[in-house]
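Pasted below: my_file07.cif, mmCIF, C-alpha atoms and all ligand atoms.
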data_entry
#
loop_
_atom_site.group_PDB
_atom_site.id
_atom_site.type_symbol
_atom_site.label_atom_id
_atom_site.label_comp_id
_atom_site.auth_asym_id
_atom_site.auth_seq_id
_atom_site.Cartn_x
_atom_site.Cartn_y
_atom_site.Cartn_z
ATOM 1 C CA MET V 3 120.138 30.259 -30.436
ATOM 2 C CA THR V 4 120.078 26.542 -29.650
ATOM 3 C CA ASP V 5 117.394 24.470 -27.983
ATOM 4 C CA THR V 6 119.770 23.085 -25.391
ATOM 5 C CA PHE V 7 121.531 24.620 -22.431
ATOM 6 C CA LYS V 8 124.124 23.544 -19.908
ATOM 7 C CA LEU V 9 122.621 22.248 -16.655
ATOM 8 C CA TYR V 10 124.671 21.935 -13.466
ATOM 9 C CA VAL V 11 122.905 20.199 -10.607
ATOM 10 C CA THR V 12 124.173 19.942 -7.050
ATOM 11 C CA GLY V 13 122.337 17.369 -4.996
ATOM 12 C CA ARG V 14 121.892 17.136 -1.242
ATOM 13 C CA ASP V 15 125.005 14.953 -1.184
ATOM 14 C CA ARG V 16 126.910 18.037 -2.468
ATOM 15 C CA CYS V 17 127.916 16.241 -5.686
ATOM 16 C CA THR V 18 127.507 18.231 -8.892
ATOM 17 C CA SER V 19 126.625 16.778 -12.264
ATOM 18 C CA VAL V 20 126.626 18.477 -15.657
ATOM 19 C CA SER V 21 124.404 17.693 -18.620
ATOM 20 C CA ASP V 22 122.940 19.220 -21.760
ATOM 21 C CA ALA V 23 119.231 19.848 -21.254
ATOM 22 C CA HIS V 24 116.450 20.914 -23.606
ATOM 23 C CA ILE V 25 114.463 24.110 -23.296
ATOM 24 C CA GLY V 26 110.694 24.166 -23.466
ATOM 25 C CA VAL V 27 109.703 22.180 -20.398
ATOM 26 C CA SER V 28 109.541 22.909 -16.690
ATOM 27 C CA LEU V 29 112.678 22.731 -14.617
ATOM 28 C CA LEU V 30 111.107 19.883 -12.640
ATOM 29 C CA GLU V 31 110.781 17.791 -15.812
ATOM 30 C CA ILE V 32 114.315 18.696 -16.816
ATOM 31 C CA LEU V 33 115.664 17.595 -13.439
ATOM 32 C CA ARG V 34 113.753 14.322 -13.696
ATOM 33 C CA ASP V 35 115.189 13.769 -17.176
ATOM 34 C CA ALA V 36 118.645 14.454 -15.747
ATOM 35 C CA GLY V 37 118.160 11.716 -13.153
ATOM 36 C CA VAL V 38 117.612 13.958 -10.131
ATOM 37 C CA TYR V 39 115.216 11.783 -8.166
ATOM 38 C CA GLU V 40 115.681 13.264 -4.688
ATOM 39 C CA ILE V 41 112.969 15.835 -5.473
ATOM 40 C CA SER V 42 109.720 14.158 -4.476
ATOM 41 C CA ALA V 43 107.344 16.719 -6.085
ATOM 42 C CA MET V 44 104.480 15.309 -4.061
ATOM 43 C CA CYS V 45 101.772 17.524 -5.553
ATOM 44 C CA GLY V 46 102.734 16.624 -9.103
ATOM 45 C CA GLY V 47 103.765 20.127 -10.092
ATOM 46 C CA ASN V 48 100.729 22.042 -8.844
ATOM 47 C CA CYS V 49 102.568 24.575 -6.675
ATOM 48 C CA SER V 50 101.065 23.241 -3.461
ATOM 49 C CA CYS V 51 103.705 21.120 -1.704
ATOM 50 C CA ALA V 52 107.089 22.895 -2.106
ATOM 51 C CA THR V 53 108.921 19.563 -2.138
ATOM 52 C CA CYS V 54 110.516 20.685 -5.414
ATOM 53 C CA HIS V 55 112.362 23.552 -3.705
ATOM 54 C CA VAL V 56 115.664 24.365 -5.407
ATOM 55 C CA TYR V 57 118.110 27.243 -5.633
ATOM 56 C CA VAL V 58 118.583 28.472 -9.205
ATOM 57 C CA GLU V 59 121.226 30.645 -10.827
ATOM 58 C CA ALA V 60 120.515 31.396 -14.477
ATOM 59 C CA ALA V 61 122.637 32.743 -17.279
ATOM 60 C CA GLY V 62 120.064 34.140 -19.654
ATOM 61 C CA LEU V 63 116.405 34.911 -19.384
ATOM 62 C CA LEU V 64 114.395 33.342 -16.603
ATOM 63 C CA SER V 65 111.097 34.754 -15.429
ATOM 64 C CA GLY V 66 110.662 35.388 -11.716
ATOM 65 C CA PRO V 67 108.199 33.637 -9.425
ATOM 66 C CA ASP V 68 104.551 34.586 -9.707
ATOM 67 C CA ILE V 69 102.500 35.481 -6.628
ATOM 68 C CA GLU V 70 101.394 31.907 -5.948
ATOM 69 C CA GLU V 71 104.956 30.589 -6.078
ATOM 70 C CA ALA V 72 106.291 33.500 -4.014
ATOM 71 C CA GLU V 73 103.692 32.869 -1.310
ATOM 72 C CA MET V 74 104.619 29.191 -1.190
ATOM 73 C CA LEU V 75 108.332 30.037 -0.997
ATOM 74 C CA ASP V 76 107.611 32.381 1.926
ATOM 75 C CA THR V 77 106.447 29.405 3.970
ATOM 76 C CA LEU V 78 109.804 27.605 3.693
ATOM 77 C CA LEU V 79 112.381 27.403 6.437
ATOM 78 C CA HIS V 80 115.267 27.260 3.962
ATOM 79 C CA GLN V 81 114.119 30.043 1.654
ATOM 80 C CA GLU V 82 116.955 32.056 0.124
ATOM 81 C CA PRO V 83 117.090 34.757 -2.565
ATOM 82 C CA LEU V 84 117.697 32.113 -5.262
ATOM 83 C CA SER V 85 114.823 29.891 -4.092
ATOM 84 C CA ARG V 86 112.399 28.597 -6.714
ATOM 85 C CA LEU V 87 109.890 25.802 -7.026
ATOM 86 C CA ALA V 88 111.214 23.667 -9.876
ATOM 87 C CA CYS V 89 107.712 22.871 -11.113
ATOM 88 C CA GLN V 90 107.011 26.571 -11.637
ATOM 89 C CA VAL V 91 110.179 27.471 -13.551
ATOM 90 C CA ALA V 92 109.586 27.597 -17.293
ATOM 91 C CA VAL V 93 112.815 27.063 -19.183
ATOM 92 C CA THR V 94 112.458 28.878 -22.473
ATOM 93 C CA ALA V 95 114.656 30.090 -25.293
ATOM 94 C CA GLY V 96 117.337 32.466 -24.123
ATOM 95 C CA ILE V 97 118.696 30.255 -21.353
ATOM 96 C CA ASP V 98 122.375 29.472 -21.800
ATOM 97 C CA CYS V 99 123.127 27.862 -18.471
ATOM 98 C CA LEU V 100 121.353 26.926 -15.263
ATOM 99 C CA ARG V 101 122.980 26.080 -11.957
ATOM 100 C CA VAL V 102 120.551 24.298 -9.679
ATOM 101 C CA GLU V 103 121.039 23.165 -6.105
ATOM 102 C CA VAL V 104 118.480 20.936 -4.445
ATOM 103 C CA ALA V 105 117.337 22.657 -1.247
ATOM 104 C CA PRO V 106 117.418 20.847 2.088
ATOM 105 C CA GLU V 107 114.309 18.946 3.072
ATOM 106 C CA GLU V 108 111.952 20.984 5.236
HETATM 107 S S1 LIG V 201 105.894 19.757 -7.132
HETATM 108 FE FE1 LIG V 201 104.680 20.494 -5.529
HETATM 109 S S2 LIG V 201 105.148 22.602 -5.475
HETATM 110 FE FE2 LIG V 201 106.385 21.851 -7.084
#
Encoded form using structure tokens:
Amino acid sequence: MTDTFKLYVTGRDRCTSVSDAHIGVSLLEILRDAGVYEISAMCGGNCSCATCHVYVEAAGLLSGPDIEEAEMLDTLLHQEPLSRLACQVAVTAGIDCLRVEVAPEE
């Protein structure tokens, strides 16, 4: 098992980039490291603003949203089955690939 995984990110401009990312940090930090700056993350990762809304497909283990995240997602106009708050997604060992799409602004 390696400590990196393949990250595909589709921005609001519909362009997709690919990079090798490191496990062990939140998806929000990973996206920042990958140069995805269109996510404002206004609350600083405290699960209270939902401006880090993304759609996530994972190959490998990824825990589901907890109650607090699920309740926040339920407030969103653009919620879909793959919706997650990037600040709440822990990327741990066992992830081989993540496909992330930045959700539309609310
Ligand atoms: S940064 Fe505010 S909910 Fe994720």
Pick out the residues no farther than 7 Å from ligand LIG 201 (chain V), counting all atoms listed in the file, and list them as a tab-separated table (two decimals) with C-alpha atoms, keeping the file's coordinate frame.
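Now in out_1.tsv:
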chain	number	residue	atom	x	y	z
V	43	ALA	CA	107.34	16.72	-6.08
V	44	MET	CA	104.48	15.31	-4.06
V	45	CYS	CA	101.77	17.52	-5.55
V	46	GLY	CA	102.73	16.62	-9.10
V	47	GLY	CA	103.76	20.13	-10.09
V	48	ASN	CA	100.73	22.04	-8.84
V	49	CYS	CA	102.57	24.58	-6.68
V	50	SER	CA	101.06	23.24	-3.46
V	51	CYS	CA	103.70	21.12	-1.70
V	52	ALA	CA	107.09	22.90	-2.11
V	53	THR	CA	108.92	19.56	-2.14
V	54	CYS	CA	110.52	20.68	-5.41
V	87	LEU	CA	109.89	25.80	-7.03
V	88	ALA	CA	111.21	23.67	-9.88
V	89	CYS	CA	107.71	22.87	-11.11
V	90	GLN	CA	107.01	26.57	-11.64
Worksheet item: Selected by the PyMOL selection byres (((chain V and resi 31) around 12) and not hetatm) in the shown coordinates: which residues, as number ranges by chain?
Response: V: 23-30, 32-39, 41-43, 46-47, 54, 87-93
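Put simply, CA of Ile97 (chain V) is 16.2 Å away from CA of Leu84 (chain V).
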Item to complete: Given the file shown, enumerate the residues that the PyMOL selection byres (((chain V and resi 57) around 12) and not hetatm) captures and present them as a PyMOL selection string.
Response: chain V and resi 10-14+29+54-56+58-60+75+80-88+91+100-106
Worksheet item: Evaluating the PyMOL selection byres (((chain V and resi 62) around 8) and not hetatm) on the displayed file yields which residues, as a ChimeraX atom specification?
Response: /V:60-61,63-64,96-99
Worksheet item: Quick one, how far is CA of Ala95 (chain V) from CA of Glu71 (chain V)?
Response: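 It comes out at 21.5 Å.
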